[in-house]
>>> print(open('entry_8.txt').read())   # compact mmCIF, C-alpha atoms
# COMPACT_ATOMS: atom_id res chain seq x y z
CA MET S 255 -25.87 6.13 -11.59
CA SER S 256 -22.51 7.27 -10.24
CA SER S 257 -19.19 7.50 -12.05
CA ILE S 258 -16.15 5.95 -10.39
CA LEU S 259 -12.46 6.03 -11.29
CA SER S 260 -10.14 3.30 -10.03
CA THR S 261 -6.45 4.21 -9.91
CA ARG S 262 -5.46 0.61 -10.54
CA LEU S 263 -6.70 -1.91 -13.08
CA LEU S 264 -9.38 -4.13 -11.59
CA SER S 265 -9.75 -7.87 -11.95
CA PRO S 266 -12.87 -9.31 -13.68
CA SER S 267 -14.44 -10.23 -10.32
CA GLN S 268 -13.75 -6.75 -8.95
CA LYS S 269 -15.36 -5.18 -12.01
CA GLU S 270 -18.37 -7.41 -11.47
CA LEU S 271 -18.90 -5.87 -8.03
CA LEU S 272 -19.29 -2.44 -9.62
CA LEU S 273 -21.34 -3.65 -12.57
CA ASN S 274 -23.76 -5.54 -10.34
CA ALA S 275 -24.19 -2.38 -8.27
CA LYS S 276 -24.96 -0.47 -11.47
CA GLN S 277 -21.95 1.82 -11.17
CA ASN S 278 -20.20 3.35 -14.17
CA PHE S 279 -16.43 3.08 -13.81
CA VAL S 280 -13.09 3.65 -15.50
CA ASP S 281 -9.88 1.95 -14.35
CA TYR S 282 -6.22 2.60 -15.09
CA ASN S 283 -2.85 2.11 -13.43
CA ALA S 284 -1.80 5.35 -11.76
CA ILE S 285 1.57 3.81 -10.89
CA SER S 286 3.98 1.25 -12.36
CA ILE S 287 6.34 -1.01 -10.44
CA GLU S 288 9.84 -2.05 -11.54
CA TYR S 289 11.59 -4.73 -9.50
CA LEU S 290 15.30 -4.14 -8.93
CA PRO S 291 18.23 -6.50 -8.29
CA PHE S 292 19.62 -6.26 -4.77
CA LYS S 293 21.68 -8.18 -2.24
CA ILE S 294 20.50 -9.61 1.06
CA ASP S 295 22.71 -8.62 3.99
CA GLU S 296 23.13 -11.86 5.92
CA GLU S 297 24.38 -9.98 8.96
CA PHE S 298 20.78 -9.15 9.92
CA ASN S 299 18.38 -11.59 11.59
CA ASN S 300 15.24 -9.43 11.28
CA TYR S 301 13.70 -8.46 7.96
CA ILE S 302 11.02 -5.83 7.34
CA PHE S 303 8.79 -5.79 4.26
CA THR S 304 6.85 -2.55 3.87
CA SER S 305 4.59 -3.77 1.03
CA GLN S 306 3.60 -6.70 -1.16
CA ASN S 307 5.88 -5.28 -3.84
CA GLY S 308 8.85 -5.68 -1.50
CA VAL S 309 7.95 -9.34 -1.07
CA LYS S 310 7.56 -9.82 -4.83
CA ALA S 311 10.93 -8.17 -5.42
CA PHE S 312 12.49 -10.50 -2.85
CA LEU S 313 10.91 -13.56 -4.44
CA LYS S 314 12.23 -12.52 -7.85
CA SER S 315 15.77 -12.00 -6.55
CA MET S 316 18.53 -14.48 -5.91
CA HIS S 317 18.16 -14.74 -2.16
CA HIS S 318 19.90 -16.77 0.49
CA PRO S 319 17.82 -19.67 1.91
CA ASP S 320 18.84 -18.71 5.45
CA ILE S 321 16.19 -15.97 5.39
CA TYR S 322 13.60 -18.68 6.02
CA THR S 323 15.03 -19.00 9.53
CA LYS S 324 14.92 -15.24 10.20
CA ASN S 325 12.31 -13.10 11.95
CA VAL S 326 10.05 -11.29 9.50
CA PHE S 327 8.06 -8.09 10.16
CA CYS S 328 5.69 -6.48 7.69
CA VAL S 329 3.15 -3.79 6.93
CA GLY S 330 -0.33 -4.95 5.93
CA GLU S 331 -2.36 -8.15 6.13
CA LYS S 332 -1.99 -8.78 2.39
CA THR S 333 1.80 -8.55 2.75
CA LYS S 334 1.67 -10.99 5.65
CA LEU S 335 -0.45 -13.42 3.63
CA LEU S 336 1.95 -13.31 0.69
CA LEU S 337 4.92 -13.93 2.99
CA GLU S 338 3.21 -16.87 4.68
CA GLU S 339 2.19 -18.34 1.32
CA ASN S 340 5.91 -18.44 0.53
CA ASN S 341 6.90 -20.11 3.82
CA LEU S 342 8.19 -17.00 5.55
CA LYS S 343 7.08 -16.74 9.16
CA VAL S 344 5.82 -13.31 10.19
CA LEU S 345 6.62 -12.32 13.77
CA GLU S 346 4.82 -8.95 13.82
CA THR S 347 2.56 -7.04 11.46
CA ALA S 348 0.76 -3.70 11.56
CA GLU S 349 -1.55 -1.81 9.22
CA ASN S 350 1.01 0.93 8.52
CA ALA S 351 4.70 1.70 8.98
CA SER S 352 4.10 4.10 11.85
CA LYS S 353 2.33 1.46 13.94
CA LEU S 354 4.90 -1.18 13.07
CA SER S 355 7.73 1.13 14.15
CA LYS S 356 6.06 1.61 17.55
CA ILE S 357 5.80 -2.16 18.06
CA ILE S 358 9.45 -2.65 17.14
CA VAL S 359 10.71 0.20 19.34
CA GLU S 360 8.68 -1.10 22.30
CA LYS S 361 9.49 -4.81 21.98
CA TYR S 362 12.60 -5.23 19.81
CA LYS S 363 14.66 -2.09 20.32
CA ASN S 364 17.91 -3.97 20.86
CA SER S 365 17.61 -5.95 17.64
CA SER S 366 18.85 -4.93 14.18
CA PHE S 367 16.71 -4.80 11.03
CA PHE S 368 17.07 -5.15 7.29
CA ILE S 369 14.32 -3.15 5.52
CA LEU S 370 13.18 -3.98 1.99
CA SER S 371 11.23 -1.07 0.52
CA GLY S 372 10.52 1.02 -2.57
CA ASN S 373 11.98 4.29 -3.80
CA LEU S 374 8.90 6.25 -2.65
CA ARG S 375 8.86 4.72 0.83
CA ARG S 376 7.56 6.86 3.66
CA PRO S 377 9.98 7.97 6.41
CA GLU S 378 8.19 6.66 9.51
CA LEU S 379 10.31 3.54 10.01
CA SER S 380 13.72 5.08 9.43
CA GLU S 381 12.89 8.16 11.51
CA ALA S 382 11.62 6.06 14.43
CA PHE S 383 14.71 3.85 14.29
CA LYS S 384 17.07 6.84 14.17
CA ASN S 385 15.29 8.57 17.06
CA ASN S 386 15.42 5.43 19.21
CA ASN S 387 18.90 4.17 18.25
CA VAL S 388 17.60 1.04 16.56
CA ARG S 389 20.22 -0.38 14.20
CA TYR S 390 18.98 -0.92 10.65
CA LYS S 391 19.95 -1.08 6.99
CA GLU S 392 17.60 -0.26 4.14
CA VAL S 393 17.65 -1.51 0.55
CA ILE S 394 15.52 -0.23 -2.33
CA CYS S 395 14.23 -3.34 -4.09
CA TYR S 396 11.65 -1.76 -6.40
CA ASN S 397 10.91 1.54 -8.10
CA THR S 398 7.47 3.12 -8.23
CA THR S 399 6.83 5.32 -11.27
CA LEU S 400 3.89 7.74 -11.31
CA ASN S 401 1.85 7.48 -14.51
CA TYR S 402 0.42 10.96 -14.99
CA LYS S 403 -2.88 11.10 -16.88
CA ARG S 404 -5.29 13.99 -17.31
CA PHE S 405 -9.03 13.30 -17.22
CA ASP S 406 -11.43 15.74 -18.85
CA SER S 407 -14.50 14.40 -17.04
CA THR S 408 -15.30 14.66 -13.33
CA PHE S 409 -15.92 11.51 -11.29
CA ASP S 410 -18.22 11.11 -8.28
CA GLY S 411 -15.71 8.84 -6.60
CA ILE S 412 -12.04 7.99 -7.01
CA LEU S 413 -10.53 4.80 -5.60
CA PHE S 414 -7.00 5.01 -4.19
CA PHE S 415 -4.83 2.08 -3.12
CA SER S 416 -1.59 3.83 -2.12
CA PRO S 417 -0.27 7.32 -1.34
CA SER S 418 1.62 7.11 -4.66
CA GLY S 419 -1.68 6.69 -6.48
CA VAL S 420 -2.95 9.91 -4.92
CA LEU S 421 0.25 11.72 -5.89
CA SER S 422 -0.03 10.47 -9.46
CA PHE S 423 -3.69 11.43 -9.95
CA THR S 424 -3.46 14.88 -8.33
CA LYS S 425 -0.47 15.85 -10.47
CA GLU S 426 -2.80 16.45 -13.44
CA ASN S 427 -6.27 16.47 -11.84
CA SER S 428 -8.23 18.00 -8.98
CA LEU S 429 -9.78 15.76 -6.35
CA THR S 430 -12.66 18.13 -5.70
CA PRO S 431 -15.62 17.72 -5.89
CA SER S 432 -15.06 13.94 -5.94
CA TRP S 433 -15.12 11.58 -2.97
CA ALA S 434 -11.85 9.75 -2.29
CA PHE S 435 -12.15 6.11 -1.21
CA CYS S 436 -8.86 4.95 0.33
CA ILE S 437 -7.48 1.52 1.18
CA GLY S 438 -5.95 2.66 4.48
CA GLU S 439 -5.02 5.51 6.79
CA THR S 440 -1.70 6.33 5.10
CA THR S 441 -3.36 6.67 1.71
CA ALA S 442 -6.14 8.73 3.30
CA GLU S 443 -3.60 11.12 4.82
CA GLU S 444 -2.34 11.91 1.33
CA ALA S 445 -5.88 12.31 -0.03
CA LYS S 446 -6.82 14.68 2.80
CA LYS S 447 -4.23 17.14 1.49
CA HIS S 448 -6.61 17.67 -1.44
CA THR S 449 -10.15 17.06 -0.12
CA ASP S 450 -12.19 16.62 3.06
CA GLN S 451 -14.41 14.04 1.36
CA VAL S 452 -12.47 10.91 2.29
CA VAL S 453 -13.76 7.43 3.14
CA ILE S 454 -11.38 4.78 4.52
CA ALA S 455 -11.97 1.08 3.89
CA ASN S 456 -12.85 -1.08 6.90
CA LYS S 457 -10.28 -3.61 5.72
CA PRO S 458 -7.18 -2.86 3.63
CA THR S 459 -8.35 -4.75 0.55
CA ILE S 460 -9.29 -3.67 -2.96
CA GLU S 461 -12.68 -5.34 -2.56
CA ASN S 462 -13.47 -3.38 0.58
CA VAL S 463 -12.60 -0.10 -1.12
CA LEU S 464 -15.09 -1.04 -3.83
CA VAL S 465 -17.72 -1.99 -1.25
CA GLN S 466 -17.33 1.35 0.55
CA ALA S 467 -17.85 3.24 -2.71
CA ILE S 468 -20.89 1.14 -3.63
CA LYS S 469 -22.45 1.60 -0.18
CA HIS S 470 -21.83 5.34 -0.32
CA PHE S 471 -23.30 5.94 -3.76
CA ASN S 472 -26.21 3.53 -3.31
CA SER S 473 -27.24 5.11 -0.01
CA PRO S 474 -30.66 6.87 0.09
CA LEU S 475 -28.96 10.10 1.14
CA PHE S 476 -26.74 10.22 -1.94
CA MET S 477 -29.48 9.06 -4.29
CA GLY S 478 -31.87 11.67 -2.97
CA ILE S 479 -34.47 9.15 -1.86
>>> encode(input="entry_8.txt", output="structure tokens")
Amino acid sequence: MSSILSTRLLSPSQKELLLNAKQNFVDYNAISIEYLPFKIDEEFNNYIFTSQNGVKAFLKSMHHPDIYTKNVFCVGEKTKLLLEENNLKVLETAENASKLSKIIVEKYKNSSFFILSGNLRRPELSEAFKNNNVRYKEVICYNTTLNYKRFDSTFDGILFFSPSGVLSFTKENSLTPSWAFCIGETTAEEAKKHTDQVVIANKPTIENVLVQAIKHFNSPLFMGI
């Protein structure tokens, strides 16, 4: 039986996946999110959400109803789903900021963009816009705090759901000899700074990260069968 650490608290149904697969696990929140007050700049007709937290911050804020007539761009299928559930129409989406920036530079270079992101946002969007003279304004609508925690035991696998989660865990712990199971390429890039044993989920969902870990540790090769 393998030991798994999840760097975010799991729902009851997600825990069931691991329990049914006979996996020992521990879960905790490696990061905390604080939503901030901010103002929407009505001068912009195109809005970019880099995460679900950006959408949640927007929904919590006092926002102008005109945004429902604007073009919306986002990173991640889960972000897109949350936007659409709240009647915001998504024009373009991509699995990470780097790919979204390429789409925008190729197809919408002459437009201007209002970016809603967190304090630990990655630089791909802003750098691509600066390098290609795309007009934009960025607002920080939530803060991510790293919750450092030291673990005395070693885990066979560690589940990561954001680059910030990797940063938080590795501040006090070593990733080796564990396997890192990552929700996407950007998270995996951060994990690869600490280990070569990285598995990326087929789909950017918590459930798929769990499935990848279960498949890995229940494989005949790992179990020595």
>>> closest_residue(input="entry_8.txt", among="S:Val344, S:Ile258, S:Leu263, S:Val393", to="Ile460 in chain S", atoms="only C-alpha atoms")
S:Leu263
>>> closest_residue(input="entry_8.txt", among="S:Asn386, S:Tyr402, S:Ala442, S:Leu342", to="Glu360 in chain S", atoms="only C-alpha atoms")
S:Asn386
>>> residues_around(input="entry_8.txt", residues="Ile369 in chain S", least_positions_apart="6", cutoff="6 Å", atoms="all atoms listed in the file", output="PyMOL selection string")
chain S and resi 301-302+392
>>> atom_distance(input="entry_8.txt", atom1="CA of Ser352 in chain S", atom2="CA of Ile454 in chain S")
17.1 Å
>>> residues_around(input="entry_8.txt", residues="range 282-287 of chain S", least_positions_apart="2", cutoff="9 Å", atoms="only C-alpha atoms", output="PyMOL selection string")
chain S and resi 259-264+280+289+307+396-403+418-423
>>> atom_distance(input="entry_8.txt", atom1="CA of Lys356 in chain S", atom2="CA of Phe415 in chain S")
23.4 Å
>>> closest_residue(input="entry_8.txt", among="S:Ile358, S:Ala311, S:Leu345, S:Leu337", to="Ala382 in chain S", atoms="all atoms listed in the file")
S:Ile358
>>> closest_residue(input="entry_8.txt", among="S:Trp433, S:Phe414, S:Phe409, S:Phe298", to="Ser256 in chain S", atoms="only C-alpha atoms")
S:Phe409
>>> closest_residue(input="entry_8.txt", among="S:Val309, S:Ile357, S:Cys395, S:Ala445", to="Leu335 in chain S", atoms="only C-alpha atoms")
S:Val309
>>> closest_residue(input="entry_8.txt", among="S:Arg389, S:Lys276, S:Lys457, S:Lys314", to="Glu349 in chain S", atoms="all atoms listed in the file")
S:Lys457
>>> axis_aligned_box(input="entry_8.txt", around="range 385-402 of chain S", padding_each_side="5 Å", output="JSON")
{"center_x": 10.3, "center_y": 3.8, "center_z": 2.1, "size_x": 29.8, "size_y": 24.3, "size_z": 44.2}
>>> atom_distance(input="entry_8.txt", atom1="CA of Asn373 in chain S", atom2="CA of Ile394 in chain S")
5.9 Å
>>> residues_near_point(input="entry_8.txt", point="(-15.0, 3.0, -3.5)", cutoff="7 Å", atoms="all atoms listed in the file", output="list in words")
Gly411, Ile412, Leu413, Phe435, Val463, Leu464, Val465, Gln466, Ala467 and Ile468 of chain S
>>> residues_around(input="entry_8.txt", residues="Ala348 in chain S", least_positions_apart="2", cutoff="8 Å", atoms="all atoms listed in the file", output="PDB file with C-alpha atoms, in the coordinates of the input")
ATOM      1  CA  CYS S 328       5.690  -6.480   7.690  1.00  0.00           C
ATOM      2  CA  VAL S 329       3.150  -3.790   6.930  1.00  0.00           C
ATOM      3  CA  GLY S 330      -0.330  -4.950   5.930  1.00  0.00           C
ATOM      4  CA  GLU S 331      -2.360  -8.150   6.130  1.00  0.00           C
ATOM      5  CA  GLU S 346       4.820  -8.950  13.820  1.00  0.00           C
ATOM      6  CA  ASN S 350       1.010   0.930   8.520  1.00  0.00           C
ATOM      7  CA  ALA S 351       4.700   1.700   8.980  1.00  0.00           C
ATOM      8  CA  LYS S 353       2.330   1.460  13.940  1.00  0.00           C
ATOM      9  CA  LEU S 354       4.900  -1.180  13.070  1.00  0.00           C
TER      10      LEU S 354
END
>>> decode(input="entry_8.txt", residues="range 393-429 of chain S", atoms="N, CA, C and O atoms", output="mmCIF file, in the first residue's frame")
data_model
loop_
_atom_site.group_PDB
_atom_site.id
_atom_site.type_symbol
_atom_site.label_atom_id
_atom_site.label_comp_id
_atom_site.auth_asym_id
_atom_site.auth_seq_id
_atom_site.Cartn_x
_atom_site.Cartn_y
_atom_site.Cartn_z
ATOM 1 N N VAL S 393 -4.704 43.746 -12.953
ATOM 2 C CA VAL S 393 -5.121 44.025 -11.589
ATOM 3 C C VAL S 393 -4.951 42.749 -10.758
ATOM 4 O O VAL S 393 -5.237 41.648 -11.234
ATOM 5 N N ILE S 394 -4.424 42.906 -9.551
ATOM 6 C CA ILE S 394 -4.299 41.780 -8.639
ATOM 7 C C ILE S 394 -5.590 41.689 -7.830
ATOM 8 O O ILE S 394 -5.904 42.589 -7.049
ATOM 9 N N CYS S 395 -6.338 40.624 -8.033
ATOM 10 C CA CYS S 395 -7.646 40.504 -7.380
ATOM 11 C C CYS S 395 -7.661 39.449 -6.273
ATOM 12 O O CYS S 395 -8.681 39.282 -5.600
ATOM 13 N N TYR S 396 -6.552 38.724 -6.094
ATOM 14 C CA TYR S 396 -6.459 37.817 -4.954
ATOM 15 C C TYR S 396 -4.994 37.580 -4.593
ATOM 16 O O TYR S 396 -4.107 37.700 -5.439
ATOM 17 N N ASN S 397 -4.776 37.285 -3.329
ATOM 18 C CA ASN S 397 -3.437 36.961 -2.837
ATOM 19 C C ASN S 397 -3.345 35.470 -2.533
ATOM 20 O O ASN S 397 -4.265 34.898 -1.935
ATOM 21 N N THR S 398 -2.240 34.870 -2.951
ATOM 22 C CA THR S 398 -1.950 33.480 -2.607
ATOM 23 C C THR S 398 -0.878 33.468 -1.522
ATOM 24 O O THR S 398 0.192 34.039 -1.703
ATOM 25 N N THR S 399 -1.173 32.828 -0.399
ATOM 26 C CA THR S 399 -0.213 32.699 0.697
ATOM 27 C C THR S 399 0.260 31.255 0.766
ATOM 28 O O THR S 399 -0.555 30.321 0.711
ATOM 29 N N LEU S 400 1.572 31.060 0.860
ATOM 30 C CA LEU S 400 2.132 29.713 0.970
ATOM 31 C C LEU S 400 2.090 29.269 2.427
ATOM 32 O O LEU S 400 2.603 29.961 3.303
ATOM 33 N N ASN S 401 1.478 28.122 2.676
ATOM 34 C CA ASN S 401 1.380 27.573 4.030
ATOM 35 C C ASN S 401 2.486 26.535 4.230
ATOM 36 O O ASN S 401 2.331 25.371 3.862
ATOM 37 N N TYR S 402 3.607 26.961 4.780
ATOM 38 C CA TYR S 402 4.737 26.053 4.950
ATOM 39 C C TYR S 402 4.445 25.032 6.044
ATOM 40 O O TYR S 402 3.976 25.374 7.134
ATOM 41 N N LYS S 403 4.746 23.770 5.748
ATOM 42 C CA LYS S 403 4.555 22.699 6.725
ATOM 43 C C LYS S 403 5.614 21.633 6.502
ATOM 44 O O LYS S 403 5.817 21.193 5.365
ATOM 45 N N ARG S 404 6.276 21.234 7.565
ATOM 46 C CA ARG S 404 7.312 20.215 7.471
ATOM 47 C C ARG S 404 6.721 18.839 7.797
ATOM 48 O O ARG S 404 6.001 18.677 8.775
ATOM 49 N N PHE S 405 7.033 17.866 6.952
ATOM 50 C CA PHE S 405 6.579 16.492 7.164
ATOM 51 C C PHE S 405 7.781 15.620 7.521
ATOM 52 O O PHE S 405 8.801 15.640 6.823
ATOM 53 N N ASP S 406 7.639 14.856 8.599
ATOM 54 C CA ASP S 406 8.729 13.988 9.035
ATOM 55 C C ASP S 406 8.789 12.686 8.232
ATOM 56 O O ASP S 406 9.842 12.082 8.092
ATOM 57 N N SER S 407 7.642 12.254 7.719
ATOM 58 C CA SER S 407 7.600 11.010 6.949
ATOM 59 C C SER S 407 7.792 11.287 5.460
ATOM 60 O O SER S 407 7.607 12.412 4.978
ATOM 61 N N THR S 408 8.190 10.243 4.744
ATOM 62 C CA THR S 408 8.374 10.326 3.291
ATOM 63 C C THR S 408 7.174 9.692 2.600
ATOM 64 O O THR S 408 6.696 8.637 3.020
ATOM 65 N N PHE S 409 6.689 10.334 1.542
ATOM 66 C CA PHE S 409 5.530 9.834 0.805
ATOM 67 C C PHE S 409 5.967 9.254 -0.542
ATOM 68 O O PHE S 409 6.909 9.743 -1.164
ATOM 69 N N ASP S 410 5.235 8.214 -0.983
ATOM 70 C CA ASP S 410 5.525 7.641 -2.306
ATOM 71 C C ASP S 410 5.130 8.621 -3.412
ATOM 72 O O ASP S 410 5.811 8.740 -4.433
ATOM 73 N N GLY S 411 4.019 9.305 -3.202
ATOM 74 C CA GLY S 411 3.554 10.252 -4.206
ATOM 75 C C GLY S 411 3.021 11.522 -3.573
ATOM 76 O O GLY S 411 2.452 11.490 -2.478
ATOM 77 N N ILE S 412 3.222 12.633 -4.265
ATOM 78 C CA ILE S 412 2.716 13.919 -3.791
ATOM 79 C C ILE S 412 1.901 14.550 -4.916
ATOM 80 O O ILE S 412 2.356 14.610 -6.061
ATOM 81 N N LEU S 413 0.711 14.983 -4.596
ATOM 82 C CA LEU S 413 -0.213 15.543 -5.585
ATOM 83 C C LEU S 413 -0.137 17.061 -5.553
ATOM 84 O O LEU S 413 -0.332 17.678 -4.507
ATOM 85 N N PHE S 414 0.133 17.654 -6.724
ATOM 86 C CA PHE S 414 0.253 19.106 -6.830
ATOM 87 C C PHE S 414 -0.784 19.652 -7.805
ATOM 88 O O PHE S 414 -0.985 19.103 -8.891
ATOM 89 N N PHE S 415 -1.386 20.798 -7.430
ATOM 90 C CA PHE S 415 -2.459 21.371 -8.228
ATOM 91 C C PHE S 415 -2.162 22.791 -8.696
ATOM 92 O O PHE S 415 -3.008 23.430 -9.320
ATOM 93 N N SER S 416 -0.966 23.281 -8.397
ATOM 94 C CA SER S 416 -0.537 24.603 -8.855
ATOM 95 C C SER S 416 0.963 24.734 -8.612
ATOM 96 O O SER S 416 1.520 24.046 -7.746
ATOM 97 N N PRO S 417 1.632 25.611 -9.365
ATOM 98 C CA PRO S 417 3.051 25.876 -9.090
ATOM 99 C C PRO S 417 3.262 26.380 -7.661
ATOM 100 O O PRO S 417 4.267 26.060 -7.025
ATOM 101 N N SER S 418 2.294 27.145 -7.137
ATOM 102 C CA SER S 418 2.408 27.667 -5.771
ATOM 103 C C SER S 418 2.426 26.534 -4.755
ATOM 104 O O SER S 418 3.112 26.612 -3.729
ATOM 105 N N GLY S 419 1.685 25.473 -5.033
ATOM 106 C CA GLY S 419 1.680 24.321 -4.147
ATOM 107 C C GLY S 419 3.039 23.659 -4.084
ATOM 108 O O GLY S 419 3.486 23.212 -3.019
ATOM 109 N N VAL S 420 3.711 23.594 -5.238
ATOM 110 C CA VAL S 420 5.066 23.032 -5.279
ATOM 111 C C VAL S 420 6.019 23.915 -4.474
ATOM 112 O O VAL S 420 6.824 23.431 -3.677
ATOM 113 N N LEU S 421 5.920 25.226 -4.680
ATOM 114 C CA LEU S 421 6.776 26.162 -3.951
ATOM 115 C C LEU S 421 6.583 26.030 -2.438
ATOM 116 O O LEU S 421 7.545 26.040 -1.672
ATOM 117 N N SER S 422 5.337 25.896 -2.022
ATOM 118 C CA SER S 422 5.026 25.795 -0.604
ATOM 119 C C SER S 422 5.611 24.516 -0.005
ATOM 120 O O SER S 422 6.274 24.551 1.039
ATOM 121 N N PHE S 423 5.372 23.375 -0.657
ATOM 122 C CA PHE S 423 5.843 22.099 -0.117
ATOM 123 C C PHE S 423 7.364 22.029 -0.063
ATOM 124 O O PHE S 423 7.944 21.596 0.940
ATOM 125 N N THR S 424 8.032 22.461 -1.136
ATOM 126 C CA THR S 424 9.489 22.308 -1.220
ATOM 127 C C THR S 424 10.252 23.313 -0.358
ATOM 128 O O THR S 424 11.465 23.201 -0.211
ATOM 129 N N LYS S 425 9.547 24.268 0.222
ATOM 130 C CA LYS S 425 10.204 25.204 1.136
ATOM 131 C C LYS S 425 10.729 24.486 2.371
ATOM 132 O O LYS S 425 11.799 24.814 2.908
ATOM 133 N N GLU S 426 9.969 23.479 2.844
ATOM 134 C CA GLU S 426 10.335 22.774 4.074
ATOM 135 C C GLU S 426 10.623 21.287 3.855
ATOM 136 O O GLU S 426 11.024 20.590 4.793
ATOM 137 N N ASN S 427 10.408 20.795 2.626
ATOM 138 C CA ASN S 427 10.529 19.356 2.381
ATOM 139 C C ASN S 427 11.245 19.075 1.065
ATOM 140 O O ASN S 427 11.259 19.912 0.162
ATOM 141 N N SER S 428 11.794 17.896 0.955
ATOM 142 C CA SER S 428 12.411 17.450 -0.300
ATOM 143 C C SER S 428 11.399 16.645 -1.103
ATOM 144 O O SER S 428 10.597 15.886 -0.532
ATOM 145 N N LEU S 429 11.433 16.811 -2.425
ATOM 146 C CA LEU S 429 10.540 16.034 -3.277
ATOM 147 C C LEU S 429 11.079 14.630 -3.540
ATOM 148 O O LEU S 429 10.320 13.720 -3.853
#
